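Peer 1: Before we start, here is the structure in question, set down as structure tokens.
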Amino acid sequence: MSLVEIKDLKVHYPIRTGFWNRITDSVRAVDGITFNIEAGETYGLVGESGSGKSTTGKSVVGLEKVTSGSILYKGVDITKKANRTKLDYNQDVQMIFQDSLSSLNPRKRIEDIIAEPLRNFEHLSKDEEKLRVLQLLDIVGLDADALYKYPHQFSGGQRQRIGVARAVATNPKLIIADEPVSALDLSVQAQVLNFMKKIQREFGISYLFISHDLGVVRHMCNNIAIMNRGRLVEIGTRDDIYNNPLHIYTKRLLAAIPETNVNQRMAHRASRLAVEKIYQEQQSKYYDENGEAFPLVQVSPTHSVALPETIAKQLASQEGEVQA
Ligand SMILES: Nc1ncnc2c1ncn2[C@@H]1O[C@H](COP(=O)(O)OP(=O)(O)OP(=O)(O)O)[C@@H](O)[C@H]1O
């Protein structure tokens with residue numbers, strides 16, 4: 001059994017119009033996605049802005065009402081609120097956000113911010129609580145003098161460390177990391193990613209790592225799902241996605257990774273333009289007549305792509321995949 005099993009999850013937001021505020025349509029933010037997260041792994045959920053990643057993350061953590069489908073945590077469906085309470089789910093599953101400045105209360109000192117989840121879930125004495133907060137600060141590489149400071153007195157990277165300290169305070173099993181490094185400089189991104197990995201090793205945490213950038217996900221994730229307009233268009237291991245991408249949307253995301261090597265920039269630009277040309281010319285092959293992604297087809301034990309079966313298998317064999 002996987003730690004988390006997401007099955008045919010749909011989250012539709014109603015669109016209301018007119019004097020009577022009637023529901024006339026809906027935004028299908030998440031439109032039938034299925035994937036599993038194993039204990040101790042980092043699962044990447046990648047797609048452009050608006051593809052439905054955050055809505056998925058918020059549904060898993062219980063912040064968004066699910067329209068249909070299920071989210072099984074240790075085999076129990078947590079879309080039913082009563083099950084979340086029974087399982088200590090709110091303690092086991094935490095979230096880190098992109099915008100650390102707005103997700104940390106600016107009026108509270110760091111000591112109180114990190115202690116907040118402890119106060120909700122554990123009954124510690126004042127001294128025990130302070131000791132735990134100091135330990136957590138130490139784990140994320142911050143000094144004890146951080147205790148009495150406020151969020152605005154830290155850099156973006158340090159604030160993200162404080163967010164992680166708060167998230168791991170309750171010893172969670174799963175952290176939903178929603179674009180955790182997107183607002184940071186490249187060098188600080190690497191530091192935060194490294195210490196997230198360190199914490200994963202120490203605490204045995206699983207991450208659902210949400211990002212718009214396949215470049216960031218590369219060194220973090222074992223398995224990756226590519227999300228496009230509420231649906232998954234490709235699922236695979238890191239190797240499947242980076243070395244044998246099959247869907248044009250995945251190829252576009254890969255081509256969008258900035259090239260840091262100056263000597264490679266011309267070649268990189270040429271390949272990005274080539275992918276864009278294929279996308280413009282062959283869109284109808286990759287999406288159905290309504291412009292929506294096809295259902296996923298398995299092309300190897302680890303790799304699935306949203307294409308008609310014959311095309312998927314033909315592409316997979318061209319790329320040297322072992323067919324299912
Ligand atoms: N509360 C809401 N009411 C109505 N529509 C919403 C709501 N929240 C999100 N949406 C819409 O759902 C779609 C998916 O949004 P979501 O935030 O999940 O995407 P995303 O991939 O996380 O993008 P971003 O990285 O920009 O947040 C978008 O079209 C968005 O406008």
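Chain labels follow the order of the structure tokens: the first chain is A, the next B, and so on; residue numbering restarts at 1 in every chain, and ligands are counted from 1 in their shown order.
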Could you produce a table of the residues of chain A lying within 10 Å of ligand 1, with the nearest pair of atoms per residue and their separation in Å rounded to one decimal, using only C-alpha atoms and all ligand atoms, ordered by chain and increasing residue number, as a tab-separated table?
Peer 2:
residue	atom	partner	partner_atom_place_in_ligand_line	distance
A:Val11	CA	ligand 1	12 (O)	8.6
A:His12	CA	ligand 1	12 (O)	7.9
A:Tyr13	CA	ligand 1	4 (C)	4.9
A:Pro14	CA	ligand 1	4 (C)	6.9
A:Ile15	CA	ligand 1	4 (C)	7.3
A:Ser26	CA	ligand 1	4 (C)	8.2
A:Val27	CA	ligand 1	5 (N)	5.8
A:Arg28	CA	ligand 1	12 (O)	6.8
A:Ala29	CA	ligand 1	12 (O)	4.0
A:Val30	CA	ligand 1	14 (C)	7.1
A:Leu45	CA	ligand 1	21 (O)	9.2
A:Val46	CA	ligand 1	21 (O)	8.0
A:Gly47	CA	ligand 1	21 (O)	6.1
A:Glu48	CA	ligand 1	21 (O)	5.9
A:Ser49	CA	ligand 1	23 (O)	3.6
A:Gly50	CA	ligand 1	19 (O)	3.4
A:Ser51	CA	ligand 1	21 (O)	3.8
A:Gly52	CA	ligand 1	18 (O)	3.2
A:Lys53	CA	ligand 1	22 (O)	4.0
A:Ser54	CA	ligand 1	22 (O)	3.5
A:Thr55	CA	ligand 1	18 (O)	3.7
A:Thr56	CA	ligand 1	18 (O)	6.5
A:Gly57	CA	ligand 1	18 (O)	8.1
A:Lys58	CA	ligand 1	18 (O)	8.4
A:Ser59	CA	ligand 1	18 (O)	9.8
A:Glu64	CA	ligand 1	1 (N)	8.6
A:Gln98	CA	ligand 1	25 (O)	9.4
A:Asp178	CA	ligand 1	22 (O)	8.0
A:Glu179	CA	ligand 1	25 (O)	7.5
A:Ser182	CA	ligand 1	25 (O)	9.8
A:Ile210	CA	ligand 1	22 (O)	8.0
A:Ser211	CA	ligand 1	25 (O)	7.3
A:His212	CA	ligand 1	25 (O)	6.6
A:Met227	CA	ligand 1	21 (O)	7.9
A:Asn228	CA	ligand 1	21 (O)	8.2
A:Arg229	CA	ligand 1	14 (C)	7.6
A:Gly230	CA	ligand 1	14 (C)	7.0
Peer 1: Can I get the selected residues back with N, CA and C atoms, as a compact mmCIF listing (two decimals), in the first residue's frame?
Peer 2:
# COMPACT_ATOMS: atom_id res chain seq x y z
N VAL A 11 -11.54 18.48 -8.72
CA VAL A 11 -11.94 19.66 -7.95
C VAL A 11 -12.42 20.68 -8.97
N HIS A 12 -13.74 20.94 -8.97
CA HIS A 12 -14.33 21.90 -9.90
C HIS A 12 -14.84 23.09 -9.10
N TYR A 13 -14.50 24.30 -9.56
CA TYR A 13 -15.01 25.50 -8.88
C TYR A 13 -16.21 26.03 -9.66
N PRO A 14 -17.33 26.25 -9.00
CA PRO A 14 -18.49 26.76 -9.74
C PRO A 14 -18.28 28.20 -10.21
N ILE A 15 -18.80 28.50 -11.39
CA ILE A 15 -18.81 29.89 -11.88
C ILE A 15 -20.26 30.37 -11.77
N SER A 26 -18.32 25.73 -14.65
CA SER A 26 -17.34 25.48 -13.59
C SER A 26 -15.92 25.52 -14.15
N VAL A 27 -14.98 25.88 -13.27
CA VAL A 27 -13.57 25.78 -13.64
C VAL A 27 -13.12 24.40 -13.21
N ARG A 28 -12.67 23.58 -14.17
CA ARG A 28 -12.25 22.22 -13.81
C ARG A 28 -10.77 22.25 -13.46
N ALA A 29 -10.48 22.78 -12.27
CA ALA A 29 -9.09 23.01 -11.85
C ALA A 29 -8.32 21.69 -11.80
N VAL A 30 -8.95 20.67 -11.26
CA VAL A 30 -8.37 19.31 -11.24
C VAL A 30 -9.44 18.40 -11.83
N LEU A 45 5.14 17.23 -8.84
CA LEU A 45 3.94 17.56 -9.61
C LEU A 45 4.26 18.86 -10.33
N VAL A 46 4.38 18.76 -11.66
CA VAL A 46 4.93 19.88 -12.43
C VAL A 46 3.97 20.32 -13.52
N GLY A 47 3.84 21.61 -13.70
CA GLY A 47 3.00 22.14 -14.78
C GLY A 47 3.07 23.66 -14.77
N GLU A 48 2.56 24.28 -15.84
CA GLU A 48 2.57 25.73 -15.91
C GLU A 48 1.58 26.31 -14.89
N SER A 49 1.65 27.62 -14.72
CA SER A 49 0.72 28.32 -13.85
C SER A 49 -0.72 28.05 -14.30
N GLY A 50 -1.59 27.73 -13.37
CA GLY A 50 -3.00 27.50 -13.70
C GLY A 50 -3.32 26.06 -14.07
N SER A 51 -2.33 25.17 -14.01
CA SER A 51 -2.60 23.79 -14.43
C SER A 51 -3.31 22.97 -13.35
N GLY A 52 -3.37 23.49 -12.12
CA GLY A 52 -4.13 22.80 -11.07
C GLY A 52 -3.28 22.17 -9.98
N LYS A 53 -1.99 22.52 -9.96
CA LYS A 53 -1.06 21.90 -8.99
C LYS A 53 -1.41 22.29 -7.55
N SER A 54 -1.57 23.60 -7.33
CA SER A 54 -1.85 24.05 -5.95
C SER A 54 -3.18 23.51 -5.46
N THR A 55 -4.17 23.46 -6.34
CA THR A 55 -5.47 22.93 -5.95
C THR A 55 -5.31 21.47 -5.52
N THR A 56 -4.48 20.71 -6.25
CA THR A 56 -4.22 19.31 -5.88
C THR A 56 -3.58 19.26 -4.49
N GLY A 57 -2.54 20.09 -4.30
CA GLY A 57 -1.83 20.11 -3.01
C GLY A 57 -2.76 20.46 -1.87
N LYS A 58 -3.60 21.48 -2.09
CA LYS A 58 -4.52 21.92 -1.03
C LYS A 58 -5.57 20.84 -0.75
N SER A 59 -5.96 20.09 -1.77
CA SER A 59 -6.92 19.00 -1.54
C SER A 59 -6.30 17.92 -0.66
N GLU A 64 -9.02 22.13 0.56
CA GLU A 64 -9.91 22.35 -0.59
C GLU A 64 -10.95 21.24 -0.63
N GLN A 98 5.08 28.90 -1.16
CA GLN A 98 6.08 29.66 -1.91
C GLN A 98 6.40 30.98 -1.21
N ASP A 178 4.68 23.55 -1.86
CA ASP A 178 4.11 24.22 -3.03
C ASP A 178 5.05 25.33 -3.50
N GLU A 179 5.79 25.08 -4.55
CA GLU A 179 6.77 26.01 -5.12
C GLU A 179 7.68 26.56 -4.02
N SER A 182 10.62 28.84 -5.52
CA SER A 182 10.43 29.66 -6.73
C SER A 182 10.74 31.13 -6.50
N ILE A 210 5.69 20.50 -5.51
CA ILE A 210 4.96 21.15 -6.59
C ILE A 210 5.82 22.26 -7.20
N SER A 211 5.94 22.25 -8.53
CA SER A 211 6.78 23.27 -9.17
C SER A 211 6.34 23.50 -10.61
N HIS A 212 6.64 24.69 -11.13
CA HIS A 212 6.38 24.93 -12.56
C HIS A 212 7.65 24.64 -13.35
N MET A 227 1.39 17.95 -15.17
CA MET A 227 -0.03 18.36 -15.14
C MET A 227 -0.29 19.49 -16.13
N ASN A 228 -1.37 19.34 -16.89
CA ASN A 228 -1.70 20.32 -17.92
C ASN A 228 -3.23 20.48 -17.93
N ARG A 229 -3.69 21.71 -17.67
CA ARG A 229 -5.13 22.03 -17.66
C ARG A 229 -5.94 21.01 -16.86
N GLY A 230 -5.51 20.76 -15.64
CA GLY A 230 -6.28 19.92 -14.71
C GLY A 230 -6.09 18.43 -14.88
Peer 1: Mind listing the strand (DSSP E) residues of region 230-271 of chain A, per DSSP on the backbone, as an mmCIF file with N, CA and C atoms, in the first residue's frame?
Peer 2:
data_model
loop_
_atom_site.group_PDB
_atom_site.id
_atom_site.type_symbol
_atom_site.label_atom_id
_atom_site.label_comp_id
_atom_site.auth_asym_id
_atom_site.auth_seq_id
_atom_site.Cartn_x
_atom_site.Cartn_y
_atom_site.Cartn_z
ATOM 1 N N ARG A 231 -5.339 18.019 -15.916
ATOM 2 C CA ARG A 231 -5.144 16.572 -16.140
ATOM 3 C C ARG A 231 -3.653 16.224 -16.122
ATOM 4 N N LEU A 232 -3.382 14.933 -15.940
ATOM 5 C CA LEU A 232 -1.991 14.499 -16.022
ATOM 6 C C LEU A 232 -1.717 14.067 -17.458
ATOM 7 N N VAL A 233 -0.636 14.597 -18.042
ATOM 8 C CA VAL A 233 -0.317 14.218 -19.424
ATOM 9 C C VAL A 233 0.849 13.232 -19.494
ATOM 10 N N GLU A 234 1.608 13.119 -18.417
ATOM 11 C CA GLU A 234 2.701 12.134 -18.418
ATOM 12 C C GLU A 234 3.095 11.842 -16.972
ATOM 13 N N ILE A 235 3.373 10.572 -16.714
ATOM 14 C CA ILE A 235 3.854 10.155 -15.391
ATOM 15 C C ILE A 235 5.043 9.243 -15.621
ATOM 16 N N GLY A 236 6.089 9.417 -14.847
ATOM 17 C CA GLY A 236 7.226 8.510 -15.002
ATOM 18 C C GLY A 236 8.251 8.709 -13.917
ATOM 19 N N THR A 237 9.283 7.890 -13.973
ATOM 20 C CA THR A 237 10.412 8.098 -13.077
ATOM 21 C C THR A 237 11.178 9.322 -13.601
#
Peer 1: Would you mind reading off the distance between CA of Lys198 (chain A) and CA of Pro151 (chain A), one decimal, in Å?
Peer 2: 23.2 Å
Peer 1: Between A:Thr79, A:Ser271, A:Gln160, A:Gln200, single out the one closest to Ala183 (chain A), counting only C-alpha atoms.
Peer 2: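 Smallest separation from Ala183 (chain A) among the options: A:Gln160.
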Peer 1: I need the alpha helix (DSSP H) residues of region 57-101 of chain A per DSSP on the backbone, written as an MDAnalysis selection string.
Peer 2: chainID A and resid 57:61 81:86 89:92 100:101
Peer 1: Check the smallest atom-to-atom distance from each of A:Leu137, A:Leu174, A:Val60, A:Val164 to Leu3 (chain A) using only C-alpha atoms, then report the winner.
Peer 2: A:Leu174
Peer 1: Using Å and a single decimal, report how far CA of Leu246 (chain A) sits from CA of Gln283 (chain A).
Peer 2: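 Computing it gives 13.3 Å between the two atoms.
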Peer 1: Could you give me, as a Markdown table, a per-residue list for region 17-107 of chain A showing, wherever an atom lies at most 12 Å from an atom of region 285-304 of chain A, the closest pair of atoms and their distance in Å to one decimal, using only C-alpha atoms and sorting by chain then residue number from low to high?
Peer 2:
| residue | atom | partner | partner_atom | distance |
| --- | --- | --- | --- | --- |
| A:Arg28 | CA | A:Glu292 | CA | 11.4 |
| A:Asp31 | CA | A:Ala293 | CA | 10.3 |
| A:Gly32 | CA | A:Pro295 | CA | 9.5 |
| A:Ile33 | CA | A:Leu296 | CA | 9.7 |
| A:Thr34 | CA | A:Leu296 | CA | 9.6 |
| A:Phe35 | CA | A:Ser304 | CA | 11.0 |
| A:Asn36 | CA | A:Thr302 | CA | 11.9 |
Peer 1: When you draw a straight line from CA of Gly215 (chain A) to CA of Ile257 (chain A), how long is it in Å?
Peer 2: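 Pair CA of Gly215 (chain A) / CA of Ile257 (chain A) returns 5.5 Å.
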Peer 1: Identify which of the residues A:Leu184, A:Ala167, A:Ala146, A:Val305 lies closest to Ser103 (chain A), counting only C-alpha atoms when measuring atom-to-atom distances.
Peer 2: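 For Ser103 (chain A), the nearest of the candidates is A:Ala167.
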Peer 1: Can you write out as a Markdown table which residues of region 217-269 of chain A fall within 10 Å of region 276-281 of chain A, alongside each residue's closest atom pair and its distance in Å to one decimal, counting only C-alpha atoms and ordering rows by chain and ascending residue number?
Peer 2:
| residue | atom | partner | partner_atom | distance |
| --- | --- | --- | --- | --- |
| A:His247 | CA | A:Tyr279 | CA | 9.9 |
| A:Ile248 | CA | A:Tyr279 | CA | 6.3 |
| A:Tyr249 | CA | A:Tyr279 | CA | 8.0 |
| A:Lys251 | CA | A:Glu276 | CA | 9.1 |
| A:Arg252 | CA | A:Glu276 | CA | 7.0 |
| A:Ala255 | CA | A:Glu276 | CA | 8.9 |
Peer 1: Restricting the output to N, CA and C atoms, write the selected residues as a PDB file, in the first residue's frame.
Peer 2:
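Generated file (selection.pdb):
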ATOM      1  N   HIS A 247       5.207  13.239 -24.235  1.00  0.00           N
ATOM      2  CA  HIS A 247       4.161  14.225 -24.550  1.00  0.00           C
ATOM      3  C   HIS A 247       4.813  15.562 -24.920  1.00  0.00           C
ATOM      4  N   ILE A 248       4.217  16.235 -25.891  1.00  0.00           N
ATOM      5  CA  ILE A 248       4.791  17.512 -26.354  1.00  0.00           C
ATOM      6  C   ILE A 248       4.811  18.545 -25.226  1.00  0.00           C
ATOM      7  N   TYR A 249       3.842  18.455 -24.303  1.00  0.00           N
ATOM      8  CA  TYR A 249       3.792  19.411 -23.188  1.00  0.00           C
ATOM      9  C   TYR A 249       5.014  19.217 -22.270  1.00  0.00           C
ATOM     10  N   LYS A 251       7.841  17.986 -23.250  1.00  0.00           N
ATOM     11  CA  LYS A 251       9.016  18.438 -24.019  1.00  0.00           C
ATOM     12  C   LYS A 251       9.140  19.959 -23.971  1.00  0.00           C
ATOM     13  N   ARG A 252       7.992  20.645 -23.987  1.00  0.00           N
ATOM     14  CA  ARG A 252       8.028  22.116 -23.899  1.00  0.00           C
ATOM     15  C   ARG A 252       8.547  22.557 -22.526  1.00  0.00           C
ATOM     16  N   ALA A 255      12.205  22.064 -22.509  1.00  0.00           N
ATOM     17  CA  ALA A 255      12.896  23.059 -23.338  1.00  0.00           C
ATOM     18  C   ALA A 255      12.930  24.433 -22.658  1.00  0.00           C
TER      19      ALA A 255
END
